[in-house]
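Undergrad: See input-v9.cif below, with mmCIF, C-alpha atoms and all ligand atoms.
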```
data_query
#
loop_
_atom_site.label_atom_id
_atom_site.label_comp_id
_atom_site.auth_asym_id
_atom_site.auth_seq_id
_atom_site.Cartn_x
_atom_site.Cartn_y
_atom_site.Cartn_z
CA MET K 1 -4.26 23.20 -2.20
CA ASN K 2 -7.14 22.50 0.18
CA LEU K 3 -5.36 21.07 3.21
CA ASP K 4 -8.59 20.40 5.14
CA ALA K 5 -9.90 18.22 2.32
CA LEU K 6 -6.55 16.40 2.05
CA ASN K 7 -6.42 15.85 5.80
CA ASP K 8 -9.98 14.52 5.77
CA VAL K 9 -9.13 11.91 3.12
CA ALA K 10 -5.86 10.99 4.88
CA ILE K 11 -7.72 10.36 8.14
CA ARG K 12 -10.46 8.35 6.41
CA MET K 13 -7.87 5.99 4.91
CA ALA K 14 -7.25 4.44 8.34
CA ALA K 15 -10.67 4.94 9.94
CA PRO K 16 -11.52 2.43 12.69
CA GLY K 17 -11.85 -1.08 11.24
CA LYS K 18 -10.86 0.06 7.75
CA GLY K 19 -7.87 -0.02 5.43
CA ILE K 20 -6.91 0.11 1.77
CA LEU K 21 -7.20 -2.52 -0.97
CA ALA K 22 -4.12 -2.23 -3.20
CA ALA K 23 -5.45 -3.38 -6.58
CA ASP K 24 -2.95 -1.40 -8.65
CA GLU K 25 -0.87 -4.24 -10.05
CA SER K 26 0.76 -3.15 -13.28
CA THR K 27 -0.11 -5.12 -16.42
CA GLY K 28 3.07 -7.18 -15.95
CA THR K 29 2.41 -7.96 -12.29
CA ILE K 30 -1.26 -8.91 -12.73
CA LYS K 31 -0.21 -11.26 -15.54
CA LYS K 32 2.09 -13.03 -13.07
CA ARG K 33 -0.78 -13.33 -10.59
CA PHE K 34 -3.11 -14.69 -13.30
CA ASP K 35 -0.41 -17.10 -14.52
CA SER K 36 -0.44 -18.63 -11.03
CA ILE K 37 -4.11 -19.61 -11.48
CA ASP K 38 -3.74 -20.39 -15.17
CA VAL K 39 -5.97 -17.56 -16.40
CA ALA K 40 -5.10 -15.45 -19.46
CA SER K 41 -4.57 -11.79 -18.57
CA THR K 42 -6.75 -9.74 -20.93
CA GLU K 43 -8.45 -6.39 -20.52
CA ASP K 44 -11.73 -8.22 -19.87
CA SER K 45 -10.36 -10.80 -17.43
CA ARG K 46 -8.59 -8.09 -15.44
CA ARG K 47 -11.82 -6.10 -15.38
CA ASP K 48 -13.92 -9.12 -14.36
CA TYR K 49 -11.55 -9.98 -11.53
CA ARG K 50 -11.35 -6.47 -10.13
CA GLU K 51 -15.06 -5.79 -10.57
CA MET K 52 -15.71 -8.93 -8.54
CA LEU K 53 -13.68 -7.50 -5.65
CA PHE K 54 -15.24 -4.04 -5.85
CA ARG K 55 -18.74 -5.54 -5.84
CA ALA K 56 -18.14 -7.45 -2.61
CA GLU K 57 -20.49 -4.92 -1.10
CA THR K 58 -20.32 -5.63 2.65
CA ALA K 59 -16.54 -6.07 2.71
CA MET K 60 -16.06 -2.85 0.77
CA ARG K 61 -18.51 -0.85 2.82
CA GLU K 62 -17.31 -2.03 6.20
CA HIS K 63 -13.58 -2.54 5.79
CA ILE K 64 -12.17 -0.92 2.65
CA SER K 65 -11.59 2.82 2.99
CA GLY K 66 -9.99 3.20 -0.43
CA VAL K 67 -8.86 1.25 -3.48
CA ILE K 68 -5.60 1.88 -5.33
CA LEU K 69 -6.18 1.47 -9.06
CA PHE K 70 -3.91 1.10 -12.07
CA ASP K 71 -4.28 3.49 -15.01
CA GLU K 72 -6.23 0.92 -17.05
CA THR K 73 -8.74 0.27 -14.26
CA ILE K 74 -9.56 3.88 -13.42
CA ARG K 75 -10.76 4.23 -17.04
CA GLN K 76 -12.64 0.90 -17.19
CA ASN K 77 -16.35 0.21 -17.02
CA ALA K 78 -17.98 -2.71 -15.23
CA ALA K 79 -19.67 -5.37 -17.38
CA ASP K 80 -22.96 -3.41 -17.13
CA GLY K 81 -21.30 -0.19 -18.33
CA THR K 82 -20.96 1.53 -14.92
CA PRO K 83 -17.50 3.04 -14.48
CA LEU K 84 -15.54 0.99 -11.92
CA VAL K 85 -14.79 4.24 -10.08
CA LYS K 86 -18.55 4.65 -9.52
CA VAL K 87 -18.85 1.06 -8.26
CA ILE K 88 -16.16 1.83 -5.66
CA GLU K 89 -17.75 5.14 -4.67
CA ALA K 90 -21.19 3.51 -4.38
CA ALA K 91 -19.71 1.19 -1.74
CA GLY K 92 -18.56 4.22 0.26
CA SER K 93 -14.90 3.71 -0.62
CA ILE K 94 -12.47 6.23 -2.13
CA PRO K 95 -10.76 5.62 -5.49
CA GLY K 96 -7.00 6.17 -5.69
CA ILE K 97 -4.39 5.79 -8.41
CA LYS K 98 -0.86 4.46 -8.74
CA VAL K 99 1.05 7.17 -10.59
CA ASP K 100 4.66 6.00 -10.56
CA LYS K 101 6.09 4.36 -13.66
CA GLY K 102 8.00 1.67 -11.81
CA ALA K 103 11.43 1.13 -10.29
CA LYS K 104 14.24 1.32 -12.87
CA ASP K 105 17.97 0.53 -12.56
CA LEU K 106 19.76 3.35 -10.78
CA ALA K 107 22.73 4.66 -12.77
CA GLY K 108 26.05 4.05 -11.04
CA ALA K 109 24.55 1.81 -8.35
CA GLU K 110 24.49 -1.81 -9.47
CA GLY K 111 21.60 -3.77 -8.01
CA GLU K 112 19.68 -0.69 -6.87
CA LYS K 113 16.58 1.01 -8.24
CA VAL K 114 15.06 4.45 -8.51
CA THR K 115 11.37 5.00 -9.17
CA GLU K 116 10.50 7.05 -12.26
CA GLY K 117 7.36 8.88 -13.37
CA LEU K 118 7.76 12.57 -12.56
CA ASP K 119 7.70 13.78 -16.18
CA GLY K 120 4.21 14.98 -17.06
CA LEU K 121 2.94 14.10 -13.59
CA ARG K 122 1.26 17.47 -13.01
CA GLU K 123 -0.93 16.97 -16.10
CA ARG K 124 -1.65 13.33 -15.30
CA LEU K 125 -2.75 14.22 -11.76
CA LYS K 126 -5.22 16.78 -13.11
CA GLU K 127 -6.81 14.13 -15.29
CA TYR K 128 -6.86 11.54 -12.50
CA TYR K 129 -8.65 14.02 -10.23
CA GLU K 130 -11.30 14.47 -12.89
CA LEU K 131 -11.61 10.69 -13.20
CA GLY K 132 -12.35 10.54 -9.45
CA ALA K 133 -9.01 9.83 -7.76
CA ARG K 134 -8.63 11.49 -4.35
CA PHE K 135 -5.37 9.86 -3.40
CA ALA K 136 -2.34 8.52 -5.24
CA LYS K 137 0.51 6.12 -4.66
CA TRP K 138 4.23 6.16 -5.49
CA ARG K 139 6.39 3.21 -4.48
CA ALA K 140 10.13 3.43 -3.99
CA VAL K 141 12.06 0.19 -3.59
CA ILE K 142 14.99 -0.15 -1.21
CA ASP K 143 16.76 -3.52 -1.27
CA ILE K 144 18.98 -4.90 1.47
CA ALA K 145 21.93 -7.01 0.26
CA GLY K 146 25.31 -7.44 1.92
CA ASN K 147 26.92 -4.43 3.58
CA GLU K 148 26.87 -2.03 0.61
CA ILE K 149 23.18 -2.13 -0.35
CA PRO K 150 21.26 0.05 0.18
CA SER K 151 23.57 2.97 -0.53
CA GLY K 152 22.87 6.41 0.90
CA TYR K 153 22.69 7.55 -2.74
CA CYS K 154 19.81 5.18 -3.53
CA ILE K 155 17.83 6.18 -0.45
CA SER K 156 18.40 9.87 -1.06
CA VAL K 157 17.32 9.94 -4.74
CA ASN K 158 14.24 7.86 -3.97
CA ALA K 159 13.27 10.14 -1.07
CA HIS K 160 13.77 13.17 -3.30
CA ALA K 161 11.49 11.72 -5.98
CA LEU K 162 8.85 10.75 -3.39
CA ALA K 163 8.81 14.33 -2.10
CA ARG K 164 8.55 15.81 -5.60
CA TYR K 165 5.63 13.49 -6.30
CA ALA K 166 3.98 14.36 -2.97
CA ALA K 167 4.22 18.10 -3.58
CA LEU K 168 2.63 17.73 -7.03
CA CYS K 169 -0.18 15.58 -5.61
CA GLN K 170 -1.06 18.13 -2.95
CA GLU K 171 -1.07 20.92 -5.54
CA ALA K 172 -3.70 18.83 -7.40
CA ASN K 173 -5.71 18.20 -4.19
CA ILE K 174 -4.79 14.53 -4.23
CA VAL K 175 -3.46 12.88 -1.07
CA PRO K 176 -0.04 11.36 -1.72
CA ILE K 177 0.57 7.92 -0.28
CA VAL K 178 4.34 7.90 0.12
CA GLU K 179 5.64 4.35 -0.04
CA PRO K 180 9.31 3.72 0.67
CA GLU K 181 9.38 -0.09 0.65
CA VAL K 182 12.38 -1.74 2.28
CA LEU K 183 12.18 -5.22 0.76
CA MET K 184 12.00 -8.37 2.90
CA ASP K 185 13.59 -10.57 0.22
CA GLY K 186 17.08 -11.04 1.66
CA ASP K 187 18.65 -13.00 4.50
CA HIS K 188 19.12 -9.96 6.75
CA ASP K 189 17.94 -10.00 10.35
CA ILE K 190 15.33 -7.76 11.96
CA GLU K 191 17.97 -5.38 13.40
CA ARG K 192 19.30 -4.64 9.92
CA CYS K 193 15.76 -4.01 8.67
CA TYR K 194 15.26 -1.65 11.60
CA ASP K 195 18.39 0.35 10.76
CA VAL K 196 17.62 0.63 7.04
CA THR K 197 13.95 1.47 7.63
CA GLU K 198 14.78 4.13 10.21
CA PHE K 199 17.40 5.74 7.96
CA THR K 200 15.03 5.63 4.98
CA LEU K 201 12.15 7.22 6.90
CA LYS K 202 14.34 9.96 8.37
CA THR K 203 15.71 10.78 4.92
CA LEU K 204 12.18 10.78 3.49
CA PHE K 205 10.77 13.15 6.12
CA ASP K 206 13.76 15.50 5.66
CA GLU K 207 12.92 15.67 1.94
CA LEU K 208 9.19 16.14 2.54
CA PHE K 209 10.03 19.04 4.86
CA ALA K 210 12.53 20.54 2.40
CA GLN K 211 9.92 20.44 -0.37
CA ASP K 212 7.18 21.94 1.78
CA VAL K 213 4.86 18.95 1.78
CA ALA K 214 2.10 19.27 4.42
CA LEU K 215 2.32 16.07 6.43
CA GLU K 216 -1.31 16.40 7.60
CA GLY K 217 -2.31 15.74 4.00
CA THR K 218 -0.17 12.64 3.43
CA VAL K 219 -0.38 8.93 4.19
CA LEU K 220 2.74 6.84 4.85
CA LYS K 221 2.83 3.32 3.40
CA PRO K 222 5.86 1.55 4.87
CA ASN K 223 7.16 -1.97 5.31
CA MET K 224 7.04 -3.51 8.74
CA VAL K 225 10.33 -3.99 10.56
CA ILE K 226 10.81 -7.69 9.97
CA ALA K 227 13.58 -10.24 9.27
CA GLY K 228 14.32 -11.04 5.61
CA LYS K 229 12.45 -14.06 4.24
CA LYS K 230 15.70 -16.05 3.98
CA CYS K 231 16.98 -15.13 7.44
CA PRO K 232 17.35 -18.29 9.55
CA LYS K 233 16.30 -16.34 12.63
CA GLN K 234 12.70 -15.15 12.13
CA ALA K 235 11.32 -12.66 14.63
CA SER K 236 8.19 -13.39 16.64
CA VAL K 237 4.94 -11.47 16.10
CA GLU K 238 5.61 -9.52 19.30
CA GLU K 239 9.16 -8.67 18.19
CA VAL K 240 7.96 -7.37 14.82
CA ALA K 241 5.30 -5.25 16.49
CA GLU K 242 7.70 -3.83 19.08
CA ALA K 243 10.50 -3.05 16.59
CA THR K 244 8.13 -1.51 14.04
CA VAL K 245 6.43 0.81 16.52
CA ARG K 246 9.80 1.78 18.07
CA CYS K 247 11.19 2.59 14.62
CA PHE K 248 8.21 4.75 13.65
CA ARG K 249 8.20 6.55 16.99
CA SER K 250 11.78 7.55 16.26
CA ALA K 251 11.28 8.54 12.62
CA VAL K 252 7.65 9.41 11.74
CA PRO K 253 6.35 12.85 12.79
CA ALA K 254 3.09 12.96 14.74
CA ALA K 255 1.55 15.22 12.07
CA VAL K 256 1.16 12.21 9.74
CA PRO K 257 -2.49 11.12 10.25
CA SER K 258 -2.35 7.56 8.92
CA ILE K 259 0.20 4.83 8.40
CA VAL K 260 -0.94 1.94 6.20
CA PHE K 261 1.33 -1.07 5.76
CA LEU K 262 2.14 -2.97 2.61
CA SER K 263 2.17 -6.75 3.06
CA GLY K 264 5.38 -7.21 1.07
CA GLY K 265 5.25 -10.99 0.70
CA GLN K 266 4.18 -11.90 4.25
CA SER K 267 1.60 -14.67 4.51
CA ASP K 268 -2.00 -13.47 4.82
CA GLU K 269 -2.18 -14.41 8.45
CA ASP K 270 1.22 -12.96 9.39
CA ALA K 271 0.27 -9.62 7.84
CA THR K 272 -2.92 -9.62 9.93
CA ALA K 273 -1.25 -10.84 13.13
CA HIS K 274 1.51 -8.21 12.96
CA LEU K 275 -0.92 -5.33 12.41
CA ASN K 276 -3.11 -6.61 15.21
CA ALA K 277 -0.20 -6.92 17.65
CA MET K 278 0.80 -3.29 17.08
CA ASN K 279 -2.72 -1.96 17.58
CA GLU K 280 -3.40 -4.22 20.53
CA ALA K 281 -0.24 -3.45 22.52
CA TYR K 282 0.76 0.07 21.47
CA ALA K 283 -2.42 2.02 20.59
CA ASP K 284 -1.83 4.49 23.42
CA GLN K 285 1.78 5.13 22.35
CA MET K 286 1.07 6.02 18.73
CA PRO K 287 0.04 9.46 17.46
CA TRP K 288 -0.98 8.04 14.06
CA ALA K 289 -3.70 5.55 13.10
CA LEU K 290 -2.19 2.26 11.93
CA SER K 291 -3.87 0.18 9.23
CA PHE K 292 -3.33 -1.89 6.09
CA SER K 293 -2.90 -1.22 2.40
CA TYR K 294 -2.46 -4.80 1.33
CA GLY K 295 -2.21 -6.19 -2.16
CA ARG K 296 -1.22 -9.83 -1.92
CA ALA K 297 -2.40 -10.33 1.69
CA LEU K 298 -5.94 -9.33 0.68
CA GLN K 299 -6.03 -10.84 -2.78
CA ALA K 300 -4.19 -14.17 -2.65
CA ALA K 301 -7.20 -16.03 -1.19
CA PRO K 302 -9.90 -14.59 -3.52
CA LEU K 303 -7.63 -14.98 -6.56
CA LYS K 304 -7.20 -18.67 -5.82
CA ALA K 305 -10.90 -19.19 -5.04
CA TRP K 306 -11.91 -17.46 -8.28
CA GLY K 307 -9.64 -19.32 -10.70
CA GLY K 308 -11.11 -17.30 -13.57
CA LYS K 309 -14.53 -19.02 -13.37
CA ALA K 310 -17.84 -17.17 -13.14
CA GLU K 311 -19.33 -19.90 -10.95
CA ASN K 312 -16.65 -19.18 -8.31
CA VAL K 313 -17.43 -15.48 -7.93
CA ALA K 314 -19.43 -15.88 -4.71
CA ALA K 315 -16.74 -18.05 -3.10
CA ALA K 316 -14.02 -15.59 -4.14
CA GLN K 317 -15.99 -12.64 -2.76
CA ALA K 318 -16.43 -14.55 0.50
CA ALA K 319 -12.66 -15.18 0.66
CA PHE K 320 -12.00 -11.48 0.09
CA ALA K 321 -14.62 -10.50 2.67
CA HIS K 322 -13.00 -12.79 5.22
CA ARG K 323 -9.53 -11.24 4.80
CA ALA K 324 -10.99 -7.73 4.78
CA ARG K 325 -12.82 -8.48 8.04
CA MET K 326 -9.75 -10.05 9.67
CA ASN K 327 -7.64 -7.02 8.79
CA GLY K 328 -10.42 -4.67 9.86
CA LEU K 329 -10.34 -6.33 13.27
CA ALA K 330 -6.52 -6.10 13.33
CA GLN K 331 -6.84 -2.38 12.71
CA LYS K 332 -8.66 -2.21 16.05
CA GLY K 333 -6.40 -4.71 17.82
CA GLU K 334 -9.36 -7.10 18.13
CA TRP K 335 -8.19 -10.00 15.98
CA ASN K 336 -7.10 -13.42 17.21
CA ALA K 337 -6.07 -16.58 15.36
CA GLY K 338 -9.23 -18.37 16.47
CA LEU K 339 -11.30 -16.03 14.29
CA GLU K 340 -9.56 -17.31 11.15
CA ALA K 341 -11.52 -20.55 11.21
CA ALA K 342 -14.83 -18.88 12.06
P1 LIG O 1 1.63 -5.93 -1.19
O1 LIG O 1 0.71 -5.80 0.00
O2 LIG O 1 1.36 -7.16 -2.02
O3 LIG O 1 3.08 -5.77 -0.80
O4 LIG O 1 1.27 -4.75 -2.17
C1 LIG O 1 1.03 -3.51 -1.66
C2 LIG O 1 1.46 -2.49 -2.63
O5 LIG O 1 0.67 -1.65 -3.04
C3 LIG O 1 2.86 -2.46 -3.06
O6 LIG O 1 3.13 -1.27 -3.70
#
```
Go ahead and render the structure in this file as structure tokens.

TA:
Amino acid sequence: MNLDALNDVAIRMAAPGKGILAADESTGTIKKRFDSIDVASTEDSRRDYREMLFRAETAMREHISGVILFDETIRQNAADGTPLVKVIEAAGSIPGIKVDKGAKDLAGAEGEKVTEGLDGLRERLKEYYELGARFAKWRAVIDIAGNEIPSGYCISVNAHALARYAALCQEANIVPIVEPEVLMDGDHDIERCYDVTEFTLKTLFDELFAQDVALEGTVLKPNMVIAGKKCPKQASVEEVAEATVRCFRSAVPAAVPSIVFLSGGQSDEDATAHLNAMNEAYADQMPWALSFSYGRALQAAPLKAWGGKAENVAAAQAAFAHRARMNGLAQKGEWNAGLEAA
């Protein structure tokens, strides 16, 4: 393991004004996204859509530090035959790869999930490195429902798997993005999200320590501390920023170079506003760089603008560039709502 190289990539992920484009939707998930714009999901349409994003040259160069790819995409060529990995690299961005095999029902814990994909992972990582991946992603899913979910059992097995994955990544000189996502689907309030997120992060960092993972060569991809979507009492932007930073200060070691948020179903503008509020108000209280690794919050606008039509490519790239720029500004705490219309 070359820790200096891992640390370098981990720092670059959240360089000033930059963050990650999560374009690693599984075949099932991208089909759902394409269904929403009435476009058939085929190998070619998925390629065309993603190539369009990766070729948004200025947005990529200025605001996208890395792109998380799905297995199909890391092997795909652009329409002109150039590997998509090379298109990303040519824009100065780093290719990454989702390596988990999805969240499956957890035995003995109804309603809870555990993420699978450790079998054969060492061999797969070797191949992904050769294909150009310099970082990877593994997403664990923690639901909040009633008083019994999540169980300590669910959090502990997911943290254990995340640490096993992270150790294998570092052995292969690939930076592990560790993603323990506490879902925002329920009706829970922000305090409950705080408690579950704090417990999850503490359990995760215990496991990473136990399995000898070098935190300097990792990136954390967490949820924000936020009320559930169905909670009647939604927290303000300032409350989300304050609670999230307080939670991380209590649970995330300073050795972690970069924290990049998932958007998790927040609106585009909320995801930007929350990130901005944290960087604007708390920059001097945080030992880590704070940025974005958004899927939906970067792609919803370009997906809609594209609609599967070649004549809409420029408009879709402009929509993507706008969100990338807004989030790039939020990474520096320099965004405001007035810029959305500009
Ligand atoms: P969202 O930003 O749409 O939550 O996706 C990010 C991601 O990579 C989830 O694993």

Undergrad: For ligand LIG 1 (chain O), return the neighbouring residues as a list in words (distance at most 7 Å; all atoms listed in the file).

TA: Ala22, Asp24, Arg139, Leu262, Ser263, Gly264, Gly265, Ser293, Tyr294, Gly295, Arg296 and Ala297 of chain K

Undergrad: Write out, as a short mmCIF file (atom, residue, chain, number, x, y, z; two decimals), keeping the file's coordinate frame, the residues just selected, with C-alpha atoms.

TA:
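Full text of result04.cif as output:
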```cif
data_model
loop_
_atom_site.label_atom_id
_atom_site.label_comp_id
_atom_site.auth_asym_id
_atom_site.auth_seq_id
_atom_site.Cartn_x
_atom_site.Cartn_y
_atom_site.Cartn_z
CA ALA K 22 -4.12 -2.23 -3.20
CA ASP K 24 -2.95 -1.40 -8.65
CA ARG K 139 6.39 3.21 -4.48
CA LEU K 262 2.14 -2.97 2.61
CA SER K 263 2.17 -6.75 3.06
CA GLY K 264 5.38 -7.21 1.07
CA GLY K 265 5.25 -10.99 0.70
CA SER K 293 -2.90 -1.22 2.40
CA TYR K 294 -2.46 -4.80 1.33
CA GLY K 295 -2.21 -6.19 -2.16
CA ARG K 296 -1.22 -9.83 -1.92
CA ALA K 297 -2.40 -10.33 1.69
#
```

Undergrad: Find, counting only C-alpha atoms, the residue in K:Leu201, K:Leu6, K:Ala301, K:Ile190 that gets nearest to Ala241 (chain K).

TA: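 Using only C-alpha atoms, Ala241 (chain K) sits closest to K:Ile190.
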
Undergrad: One number please: CA of Ala235 (chain K) to CA of Asp185 (chain K), in Å, one decimal.

TA: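 CA of Asp185 (chain K) lies 14.7 Å from CA of Ala235 (chain K).
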
Undergrad: When you look at Ala10 (chain K) with a cut-off of 12 Å (counting all atoms listed in the file), what residues show up, excluding the ones that are within fewer than 4 positions of it in the same chain? I need them as an MDAnalysis selection string.

TA: chainID K and resid 3:6 14:15 19:20 65:66 94 96 134:136 170 173:178 214:221 255:260 288:291

Undergrad: Need the shell around Ala314 (chain K): protein/DNA/RNA residues with any atom at most 9 Å away, counting only C-alpha atoms. Skip same-chain ones fewer than 4 positions apart. Format as a compact mmCIF listing (two decimals) with C-alpha atoms, keeping the file's coordinate frame?

TA:
```txt
# COMPACT_ATOMS: atom_id res chain seq x y z
CA MET K 52 -15.71 -8.93 -8.54
CA ALA K 56 -18.14 -7.45 -2.61
CA TRP K 306 -11.91 -17.46 -8.28
CA ALA K 310 -17.84 -17.17 -13.14
CA ALA K 318 -16.43 -14.55 0.50
CA ALA K 319 -12.66 -15.18 0.66
```

Undergrad: Give the answer as one residue: which of K:Ala321, K:Ala107, K:Val240, K:Ile88 has the shortest atom-to-atom distance to Thr58 (chain K), using only C-alpha atoms?

TA: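 Of all the options, K:Ala321 lies closest to Thr58 (chain K).
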
Undergrad: Would you please work out which residue, of K:Pro232, K:Pro83, K:Pro222, K:Gly338, is nearest to Phe248 (chain K) when using only C-alpha atoms?

TA: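 Using only C-alpha atoms, Phe248 (chain K) sits closest to K:Pro222.
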
Undergrad: Here is a test: counting all atoms listed in the file, which residue of K:Asp71, K:Glu179, K:Glu51, K:Glu171 is nearest to Glu25 (chain K)?

TA: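 Looking only at the distances to Glu25 (chain K), the closest residue turns out to be K:Asp71.
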
Undergrad: Expressed in Å to a single decimal, how great is the separation between CA of His188 (chain K) and CA of Thr200 (chain K)?

TA: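 Pair CA of His188 (chain K) / CA of Thr200 (chain K) returns 16.2 Å.
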
Undergrad: Mind listing whatever residues come within 9 Å of the point (7.0, 6.6, -6.2)? Use all atoms listed in the file, file coordinates, and give them as an NGL selection string.

TA: :K and (98-103 or 114-118 or 137-141 or 158-159 or 161-163 or 165-166 or 177-180)

Undergrad: Go ahead and write the selection's residues with C-alpha atoms as an mmCIF file, keeping the file's coordinate frame.

TA:
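result.cif, written as the output of this step:
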```cif
data_model
loop_
_atom_site.group_PDB
_atom_site.id
_atom_site.type_symbol
_atom_site.label_atom_id
_atom_site.label_comp_id
_atom_site.auth_asym_id
_atom_site.auth_seq_id
_atom_site.Cartn_x
_atom_site.Cartn_y
_atom_site.Cartn_z
ATOM 1 C CA LYS K 98 -0.860 4.460 -8.740
ATOM 2 C CA VAL K 99 1.050 7.170 -10.590
ATOM 3 C CA ASP K 100 4.660 6.000 -10.560
ATOM 4 C CA LYS K 101 6.090 4.360 -13.660
ATOM 5 C CA GLY K 102 8.000 1.670 -11.810
ATOM 6 C CA ALA K 103 11.430 1.130 -10.290
ATOM 7 C CA VAL K 114 15.060 4.450 -8.510
ATOM 8 C CA THR K 115 11.370 5.000 -9.170
ATOM 9 C CA GLU K 116 10.500 7.050 -12.260
ATOM 10 C CA GLY K 117 7.360 8.880 -13.370
ATOM 11 C CA LEU K 118 7.760 12.570 -12.560
ATOM 12 C CA LYS K 137 0.510 6.120 -4.660
ATOM 13 C CA TRP K 138 4.230 6.160 -5.490
ATOM 14 C CA ARG K 139 6.390 3.210 -4.480
ATOM 15 C CA ALA K 140 10.130 3.430 -3.990
ATOM 16 C CA VAL K 141 12.060 0.190 -3.590
ATOM 17 C CA ASN K 158 14.240 7.860 -3.970
ATOM 18 C CA ALA K 159 13.270 10.140 -1.070
ATOM 19 C CA ALA K 161 11.490 11.720 -5.980
ATOM 20 C CA LEU K 162 8.850 10.750 -3.390
ATOM 21 C CA ALA K 163 8.810 14.330 -2.100
ATOM 22 C CA TYR K 165 5.630 13.490 -6.300
ATOM 23 C CA ALA K 166 3.980 14.360 -2.970
ATOM 24 C CA ILE K 177 0.570 7.920 -0.280
ATOM 25 C CA VAL K 178 4.340 7.900 0.120
ATOM 26 C CA GLU K 179 5.640 4.350 -0.040
ATOM 27 C CA PRO K 180 9.310 3.720 0.670
#
```

Undergrad: Point out the residue among K:Asn77, K:Ser26, K:Asn327, K:Ser36 with the least atom-to-atom distance to Ile97 (chain K), counting all atoms listed in the file.

TA: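 Smallest separation from Ile97 (chain K) among the options: K:Ser26.
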
Undergrad: Calculate how many Å separate CA of Phe34 (chain K) from CA of Leu53 (chain K), rounding to one decimal.

TA: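 So the answer is 14.9 Å.
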
Undergrad: What's around Ala91 (chain K) at 7 Å? Count all atoms listed in the file, leave out sequence neighbours fewer than 5 positions away in its own chain, and write the answer as a list in words.

TA: Glu57, Met60 and Arg61 of chain K

Undergrad: Measuring between only C-alpha atoms, which one of K:Glu72, K:Asp187, K:Asp119, K:Asp268 shows the shortest distance to Leu168 (chain K)?

TA: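 Of K:Glu72, K:Asp187, K:Asp119, K:Asp268, the one nearest Leu168 (chain K) is K:Asp119, counting only C-alpha atoms.
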
Undergrad: Within 12 Å of (16.7, 3.5, 12.0) (file coordinates; only C-alpha atoms), which protein or nucleic acid residues are there? I'd like them as a PyMOL selection string.

TA: chain K and resi 182+190-203+225+243-252
